[in-house]
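Below: one structure, written as structure tokens.
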Amino acid sequence: MGLLENIEDRRAVVGVLGLGYVGLPLVSTFSDKGFRVLGLDVDEEKVSSLVAGKTYIKHLPDEMIRGMLEKGFEPTSDFSRAAECDAILICVPTPLTAHREPDMKYVEASCEALAKTLRPGQLIILESTTYPGTTTELMRPILETSGLKADEDFFLAYSPEREDPGNATFDTRKIPKVIGADCDEARELSRVLYAAVIEAGVVVVSSTQVAEATKILENTFRAVNIALVNELKVIFERMGIDVWEVIEAAATKPFGFMKFTPGPGLGGHCIPIDPFYLTWKAREYDVATRFIEMAGEVNRSMPHYVVSRTMEAMSDRGKGLAGAKVLIVGLAYKKNVDDARESPSYKLMELFEARGAAVAYHDPFFEVIPHSREYAHFDGRPSQSLDHAGEYDVVVIATDHDDVDWRDLLQRSKLIVDTRGIYRGPHDKVVTA
């Protein structure tokens, strides 16, 4: 039987390459719908953890991992087993280089590994967020080193991930799935594959480039609007206006307005990164992306603004940052998740320490700071108890986790710099930033 019939009958084996925040929910989604799933990852520790039924992502519990295993999920670091898969979904990181250009080494390495075992009839789908043209310009030539031709011998498509870690309302199956391919057969195979598991439906677009551009638009839209409210926060603070009250009032309009909230900077794997994939690609066409780049500058400046506001607040109390003890509340880039990728808290720690402060952090989702490529010098630093908040000269709120007793923190602290609008109204101990 052909691949289409195997998908329809749930006989197709689905491979998920990259078992992180995107890959594991996909495994769960396909397993729950009766597909046999093979998980591929280069990280031996992750594979061992999954084999033992243990999670390494807190909002994806052990029970979910064990349920996947019971349904036939096999995690492995043996990439030769990719030959067993009928469809392979690539969910690997797409970070930026030090020069804020696309770092495609993980996509390239994945394709090089798959090219060694690629066989006729397989469907390869990239889910990682990237610039328009990646699937055809980067992936296709690497995969074709196998001697097989895309959209003739094997099929190639793009379907952007739309995960929102920790979102209890929208999980993978409840978010419409965009898919794009450059030939009718690849498009139909992808549509049928995702339609079998995505309850919210599948949105088919005409090409891989359109699908790639769709995800870039989604996250650039968010980055630009977050930059707007971040800039307004700075302006309104100077005017003595509560930006949070303004936002809540504006959000009562039932049309023409979407609520975005400010913070200490952008975090997560998508929003701080994706717009720069577009600006990089736009240069190839001699097009300037001034608006997008300006938004990026605003968002990247926010940790500096927070440090500046902290210095002002301490100066008003006759203290300086040099030699001060600073406690940052929140390492995660957003509330209620154990995801610290691109978190502005790292930059805050770096900036405070550069000014001579002794910096600690508290986060109920991180007992110690996990490894990160850019901030490896913070690896392993332990989370501190909020019971000792009064021992610090200033507490900086970077993440508004629900698990934190904010009233108790206010009572214990000498000074709080609030970047998330936790404390509304005048408080002698609280400065907004």
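By order in the structure tokens, chains are A, B, ...; within a chain, residues start at 1; ligands start at 1, following the order shown.
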Arg300 of chain A: which residues within 12 Å, counting only C-alpha atoms, same-chain residues fewer than 2 positions away excluded, as a PyMOL selection string?
-> chain A and resi 223-224+226-227+230-231+263-267+271-273+293-298+302-306+342-344+347-348
I need the chosen residues saved as an mmCIF file, in the first residue's frame, with N, CA and C atoms.
data_model
loop_
_atom_site.group_PDB
_atom_site.id
_atom_site.type_symbol
_atom_site.label_atom_id
_atom_site.label_comp_id
_atom_site.auth_asym_id
_atom_site.auth_seq_id
_atom_site.Cartn_x
_atom_site.Cartn_y
_atom_site.Cartn_z
ATOM 1 N N ALA A 223 6.109 40.549 18.285
ATOM 2 C CA ALA A 223 7.311 41.275 18.705
ATOM 3 C C ALA A 223 7.130 42.779 18.543
ATOM 4 N N VAL A 224 6.535 43.190 17.427
ATOM 5 C CA VAL A 224 6.329 44.618 17.166
ATOM 6 C C VAL A 224 5.351 45.211 18.178
ATOM 7 N N ILE A 226 4.607 44.061 21.203
ATOM 8 C CA ILE A 226 5.221 44.083 22.527
ATOM 9 C C ILE A 226 6.191 45.246 22.633
ATOM 10 N N ALA A 227 6.927 45.516 21.555
ATOM 11 C CA ALA A 227 7.820 46.671 21.549
ATOM 12 C C ALA A 227 7.036 47.970 21.747
ATOM 13 N N ASN A 230 6.076 48.214 25.382
ATOM 14 C CA ASN A 230 7.282 48.467 26.160
ATOM 15 C C ASN A 230 7.705 49.935 26.062
ATOM 16 N N GLU A 231 7.626 50.474 24.869
ATOM 17 C CA GLU A 231 7.980 51.888 24.703
ATOM 18 C C GLU A 231 6.975 52.788 25.406
ATOM 19 N N GLY A 263 7.077 44.175 29.664
ATOM 20 C CA GLY A 263 7.858 43.356 30.579
ATOM 21 C C GLY A 263 9.304 43.788 30.566
ATOM 22 N N PRO A 264 10.190 42.947 31.116
ATOM 23 C CA PRO A 264 11.609 43.306 31.194
ATOM 24 C C PRO A 264 12.394 42.997 29.924
ATOM 25 N N GLY A 265 11.715 42.554 28.880
ATOM 26 C CA GLY A 265 12.362 42.168 27.630
ATOM 27 C C GLY A 265 11.695 40.923 27.085
ATOM 28 N N LEU A 266 12.060 40.554 25.872
ATOM 29 C CA LEU A 266 11.465 39.378 25.236
ATOM 30 C C LEU A 266 12.212 38.111 25.617
ATOM 31 N N GLY A 267 11.464 37.004 25.669
ATOM 32 C CA GLY A 267 12.062 35.706 25.911
ATOM 33 C C GLY A 267 11.357 34.638 25.104
ATOM 34 N N ILE A 271 9.771 34.581 19.623
ATOM 35 C CA ILE A 271 9.528 36.009 19.404
ATOM 36 C C ILE A 271 10.810 36.846 19.386
ATOM 37 N N PRO A 272 11.811 36.579 20.253
ATOM 38 C CA PRO A 272 13.021 37.397 20.176
ATOM 39 C C PRO A 272 13.890 37.087 18.953
ATOM 40 N N ILE A 273 13.607 35.964 18.278
ATOM 41 C CA ILE A 273 14.495 35.457 17.231
ATOM 42 C C ILE A 273 13.913 35.595 15.838
ATOM 43 N N GLU A 293 13.321 46.102 12.737
ATOM 44 C CA GLU A 293 14.576 46.250 13.455
ATOM 45 C C GLU A 293 14.443 47.238 14.607
ATOM 46 N N MET A 294 13.644 48.290 14.418
ATOM 47 C CA MET A 294 13.430 49.250 15.497
ATOM 48 C C MET A 294 12.697 48.589 16.663
ATOM 49 N N ALA A 295 11.713 47.748 16.345
ATOM 50 C CA ALA A 295 11.006 47.019 17.401
ATOM 51 C C ALA A 295 11.975 46.129 18.166
ATOM 52 N N GLY A 296 12.887 45.484 17.434
ATOM 53 C CA GLY A 296 13.885 44.651 18.089
ATOM 54 C C GLY A 296 14.781 45.447 19.018
ATOM 55 N N GLU A 297 15.147 46.639 18.594
ATOM 56 C CA GLU A 297 15.981 47.503 19.441
ATOM 57 C C GLU A 297 15.254 47.896 20.725
ATOM 58 N N VAL A 298 13.973 48.217 20.604
ATOM 59 C CA VAL A 298 13.189 48.576 21.789
ATOM 60 C C VAL A 298 13.142 47.407 22.766
ATOM 61 N N MET A 302 15.036 46.797 26.931
ATOM 62 C CA MET A 302 14.249 46.774 28.164
ATOM 63 C C MET A 302 15.037 46.320 29.395
ATOM 64 N N PRO A 303 15.901 45.306 29.329
ATOM 65 C CA PRO A 303 16.692 44.983 30.523
ATOM 66 C C PRO A 303 17.541 46.165 30.994
ATOM 67 N N HIS A 304 18.073 46.941 30.061
ATOM 68 C CA HIS A 304 18.847 48.129 30.426
ATOM 69 C C HIS A 304 17.964 49.153 31.134
ATOM 70 N N TYR A 305 16.725 49.276 30.660
ATOM 71 C CA TYR A 305 15.777 50.200 31.294
ATOM 72 C C TYR A 305 15.475 49.755 32.721
ATOM 73 N N VAL A 306 15.286 48.454 32.915
ATOM 74 C CA VAL A 306 14.998 47.929 34.251
ATOM 75 C C VAL A 306 16.156 48.209 35.203
ATOM 76 N N GLU A 342 16.210 32.221 26.040
ATOM 77 C CA GLU A 342 16.250 33.640 25.685
ATOM 78 C C GLU A 342 15.633 34.525 26.761
ATOM 79 N N SER A 343 15.562 34.045 27.997
ATOM 80 C CA SER A 343 14.926 34.824 29.051
ATOM 81 C C SER A 343 15.674 36.128 29.325
ATOM 82 N N PRO A 344 14.945 37.247 29.467
ATOM 83 C CA PRO A 344 15.609 38.510 29.799
ATOM 84 C C PRO A 344 16.236 38.500 31.186
ATOM 85 N N LYS A 347 20.000 38.431 31.010
ATOM 86 C CA LYS A 347 20.601 39.736 30.709
ATOM 87 C C LYS A 347 20.558 40.639 31.930
ATOM 88 N N LEU A 348 19.466 40.581 32.678
ATOM 89 C CA LEU A 348 19.391 41.380 33.900
ATOM 90 C C LEU A 348 20.498 40.988 34.872
#
DSSP says helix (DSSP H, G or I) for which residues of segment 3-209 of chain A? Put them as a VMD selection string?
-> chain A and resid 3 to 8 23 to 32 44 to 51 62 to 70 79 to 84 105 to 115 134 to 146 172 to 174 184 to 195 208 to 209
Extract, using only C-alpha atoms, all DNA, RNA and protein residues at most 7 Å from Asp338 of chain A, discarding same-chain residues fewer than 3 positions from it, and format them as a PyMOL selection string.
-> chain A and resi 57-58+332+365-366
With C-alpha atoms retained, could you export that selection as a PDB file, in the first residue's frame?
ATOM      1  CA  ILE A  57       9.683  19.486  30.922  1.00  0.00           C
ATOM      2  CA  LYS A  58       7.507  20.219  33.938  1.00  0.00           C
ATOM      3  CA  ALA A 332      11.580  31.565  33.083  1.00  0.00           C
ATOM      4  CA  PHE A 365      10.419  25.991  38.276  1.00  0.00           C
ATOM      5  CA  PHE A 366      14.234  25.966  38.390  1.00  0.00           C
TER       6      PHE A 366
END
Which neighbours of segment 315-327 of chain A fall inside 8 Å, counting only C-alpha atoms, when residues of the same chain fewer than 4 positions from it are skipped, and could you give them as number ranges by chain?
-> A: 311, 352, 355-362, 389, 391-396
12 Å contact set for Asp43 of chain A, only C-alpha atoms, chain neighbours under 5 positions out, as a CSV table (one decimal) with N, CA and C atoms, in the first residue's frame:
chain,number,residue,atom,x,y,z
A,17,LEU,N,11.9,14.2,15.1
A,17,LEU,CA,13.3,14.4,15.3
A,17,LEU,C,13.4,15.7,16.1
A,18,GLY,N,13.9,15.6,17.4
A,18,GLY,CA,14.0,16.7,18.3
A,18,GLY,C,12.9,16.6,19.4
A,19,LEU,N,13.3,16.1,20.6
A,19,LEU,CA,12.3,15.8,21.6
A,19,LEU,C,12.3,16.8,22.7
A,20,GLY,N,11.9,18.1,22.3
A,20,GLY,CA,11.8,19.2,23.2
A,20,GLY,C,10.4,19.7,23.4
A,48,SER,N,17.4,8.7,27.6
A,48,SER,CA,17.3,7.8,28.8
A,48,SER,C,16.2,8.1,29.7
A,49,SER,N,16.0,9.4,29.9
A,49,SER,CA,14.9,9.9,30.8
A,49,SER,C,13.6,9.4,30.2
A,50,LEU,N,13.4,9.6,28.9
A,50,LEU,CA,12.1,9.2,28.3
A,50,LEU,C,11.9,7.7,28.4
A,75,PRO,N,11.8,6.2,22.1
A,75,PRO,CA,12.8,7.2,22.0
A,75,PRO,C,14.1,6.6,21.7
A,76,THR,N,14.9,7.2,20.8
A,76,THR,CA,16.2,6.6,20.5
A,76,THR,C,17.2,7.7,20.0
A,77,SER,N,18.5,7.5,20.2
A,77,SER,CA,19.5,8.3,19.6
A,77,SER,C,20.1,7.7,18.4
A,78,ASP,N,19.6,6.6,18.0
A,78,ASP,CA,20.1,5.9,16.8
A,78,ASP,C,19.4,6.4,15.5
A,79,PHE,N,20.0,7.3,14.8
A,79,PHE,CA,19.4,7.9,13.7
A,79,PHE,C,19.3,7.0,12.5
A,92,VAL,N,13.8,20.9,15.6
A,92,VAL,CA,15.1,21.2,16.2
A,92,VAL,C,15.2,22.7,16.4
All residues 7 Å or closer to segment 158-165 of chain A, only C-alpha atoms, same chain fewer than 3 positions away omitted, as JSON, numbers by chain = {"A": [22, 125, 126, 127, 128, 129, 135, 172, 178, 179, 180, 181, 208, 211, 212, 215, 337]}
Pick from A:Val205, A:Ile422, A:Leu409, A:Ala98 nearest to Trp244 of chain A, counting only C-alpha atoms =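 Looking at the shortest contact to Trp244 of chain A, the residue is A:Ile422.
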In segment 98-286 of chain A, DSSP strand (DSSP E) residues written as a PyMOL selection string | chain A and resi 123-126+155-158+177-181+202-205
Let me see the file: selected residues, N, CA and C atoms, as an mmCIF file, in the first residue's frame.
data_model
loop_
_atom_site.group_PDB
_atom_site.id
_atom_site.type_symbol
_atom_site.label_atom_id
_atom_site.label_comp_id
_atom_site.auth_asym_id
_atom_site.auth_seq_id
_atom_site.Cartn_x
_atom_site.Cartn_y
_atom_site.Cartn_z
ATOM 1 N N LEU A 123 8.066 10.990 3.753
ATOM 2 C CA LEU A 123 7.616 12.380 3.838
ATOM 3 C C LEU A 123 8.427 13.076 4.928
ATOM 4 N N ILE A 124 9.122 14.147 4.574
ATOM 5 C CA ILE A 124 9.939 14.911 5.524
ATOM 6 C C ILE A 124 9.289 16.286 5.697
ATOM 7 N N ILE A 125 8.998 16.641 6.948
ATOM 8 C CA ILE A 125 8.339 17.916 7.243
ATOM 9 C C ILE A 125 9.158 18.676 8.273
ATOM 10 N N LEU A 126 9.523 19.903 7.948
ATOM 11 C CA LEU A 126 10.200 20.772 8.900
ATOM 12 C C LEU A 126 9.152 21.544 9.697
ATOM 13 N N PHE A 155 9.112 13.126 -0.329
ATOM 14 C CA PHE A 155 8.266 14.323 -0.325
ATOM 15 C C PHE A 155 8.689 15.262 0.801
ATOM 16 N N LEU A 156 8.574 16.542 0.512
ATOM 17 C CA LEU A 156 9.099 17.571 1.398
ATOM 18 C C LEU A 156 8.011 18.611 1.655
ATOM 19 N N ALA A 157 7.860 18.998 2.928
ATOM 20 C CA ALA A 157 6.832 19.980 3.280
ATOM 21 C C ALA A 157 7.298 20.798 4.482
ATOM 22 N N TYR A 158 6.535 21.844 4.759
ATOM 23 C CA TYR A 158 6.815 22.688 5.927
ATOM 24 C C TYR A 158 5.513 22.943 6.677
ATOM 25 N N LYS A 177 -3.437 23.802 12.119
ATOM 26 C CA LYS A 177 -2.101 23.471 11.616
ATOM 27 C C LYS A 177 -1.948 23.958 10.190
ATOM 28 N N VAL A 178 -1.020 24.866 9.980
ATOM 29 C CA VAL A 178 -0.695 25.344 8.632
ATOM 30 C C VAL A 178 0.286 24.374 7.991
ATOM 31 N N ILE A 179 0.024 23.993 6.753
ATOM 32 C CA ILE A 179 0.978 23.151 6.029
ATOM 33 C C ILE A 179 1.157 23.702 4.618
ATOM 34 N N GLY A 180 2.394 23.620 4.130
ATOM 35 C CA GLY A 180 2.694 24.058 2.766
ATOM 36 C C GLY A 180 3.691 23.121 2.132
ATOM 37 N N ALA A 181 3.521 22.880 0.840
ATOM 38 C CA ALA A 181 4.449 22.037 0.084
ATOM 39 C C ALA A 181 4.483 22.555 -1.345
ATOM 40 N N VAL A 202 -6.794 21.718 9.551
ATOM 41 C CA VAL A 202 -5.561 21.958 8.812
ATOM 42 C C VAL A 202 -5.785 23.079 7.804
ATOM 43 N N VAL A 203 -4.825 23.995 7.732
ATOM 44 C CA VAL A 203 -4.877 25.110 6.793
ATOM 45 C C VAL A 203 -3.805 24.868 5.727
ATOM 46 N N VAL A 204 -4.223 24.596 4.502
ATOM 47 C CA VAL A 204 -3.287 24.272 3.432
ATOM 48 C C VAL A 204 -2.956 25.533 2.651
ATOM 49 N N VAL A 205 -1.664 25.814 2.500
ATOM 50 C CA VAL A 205 -1.216 26.940 1.688
ATOM 51 C C VAL A 205 -0.428 26.420 0.494
#
Using only C-alpha atoms, which residue out of A:Pro382, A:Gly330, A:Pro95, A:Gly15 lies closest to Val404 of chain A?
->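 Using only C-alpha atoms, the shortest distance to Val404 of chain A belongs to A:Gly330.
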Nearest to Val42 of chain A by atom-to-atom distance, counting only C-alpha atoms, from A:Ala168, A:Ala109, A:Leu331, A:Cys85 |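 That would be A:Ala109, the residue with the smallest distance to Val42 of chain A.
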Each residue of segment 52-117 of chain A with at least one atom at most 12 Å from segment 182-195 of chain A should appear once, together with its nearest atom pair and the corresponding distance in Å (one decimal); atoms considered: only C-alpha atoms; ordering: chain, then increasing residue number; output as JSON lines.
{"residue": "A:Asp86", "atom": "CA", "partner": "A:Leu193", "partner_atom": "CA", "distance": 10.6}
{"residue": "A:Ala87", "atom": "CA", "partner": "A:Leu193", "partner_atom": "CA", "distance": 8.6}
{"residue": "A:Ile88", "atom": "CA", "partner": "A:Ser190", "partner_atom": "CA", "distance": 10.8}
{"residue": "A:Leu89", "atom": "CA", "partner": "A:Ser190", "partner_atom": "CA", "distance": 10.4}
Those residues you just picked out, can you put them in a file as an mmCIF file, in the first residue's frame with C-alpha atoms?
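Now in part-v3.cif:
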data_model
loop_
_atom_site.group_PDB
_atom_site.id
_atom_site.type_symbol
_atom_site.label_atom_id
_atom_site.label_comp_id
_atom_site.auth_asym_id
_atom_site.auth_seq_id
_atom_site.Cartn_x
_atom_site.Cartn_y
_atom_site.Cartn_z
ATOM 1 C CA ASP A 86 7.139 6.862 6.841
ATOM 2 C CA ALA A 87 6.865 10.521 7.895
ATOM 3 C CA ILE A 88 9.536 12.451 9.803
ATOM 4 C CA LEU A 89 8.782 15.726 11.570
#
Could you pull the residues within 10 Å of Glu144 of chain A, counting only C-alpha atoms, minus those fewer than 6 positions along the same chain, as a ChimeraX atom specification?
-> /A:111-112,115,118,150,153-154
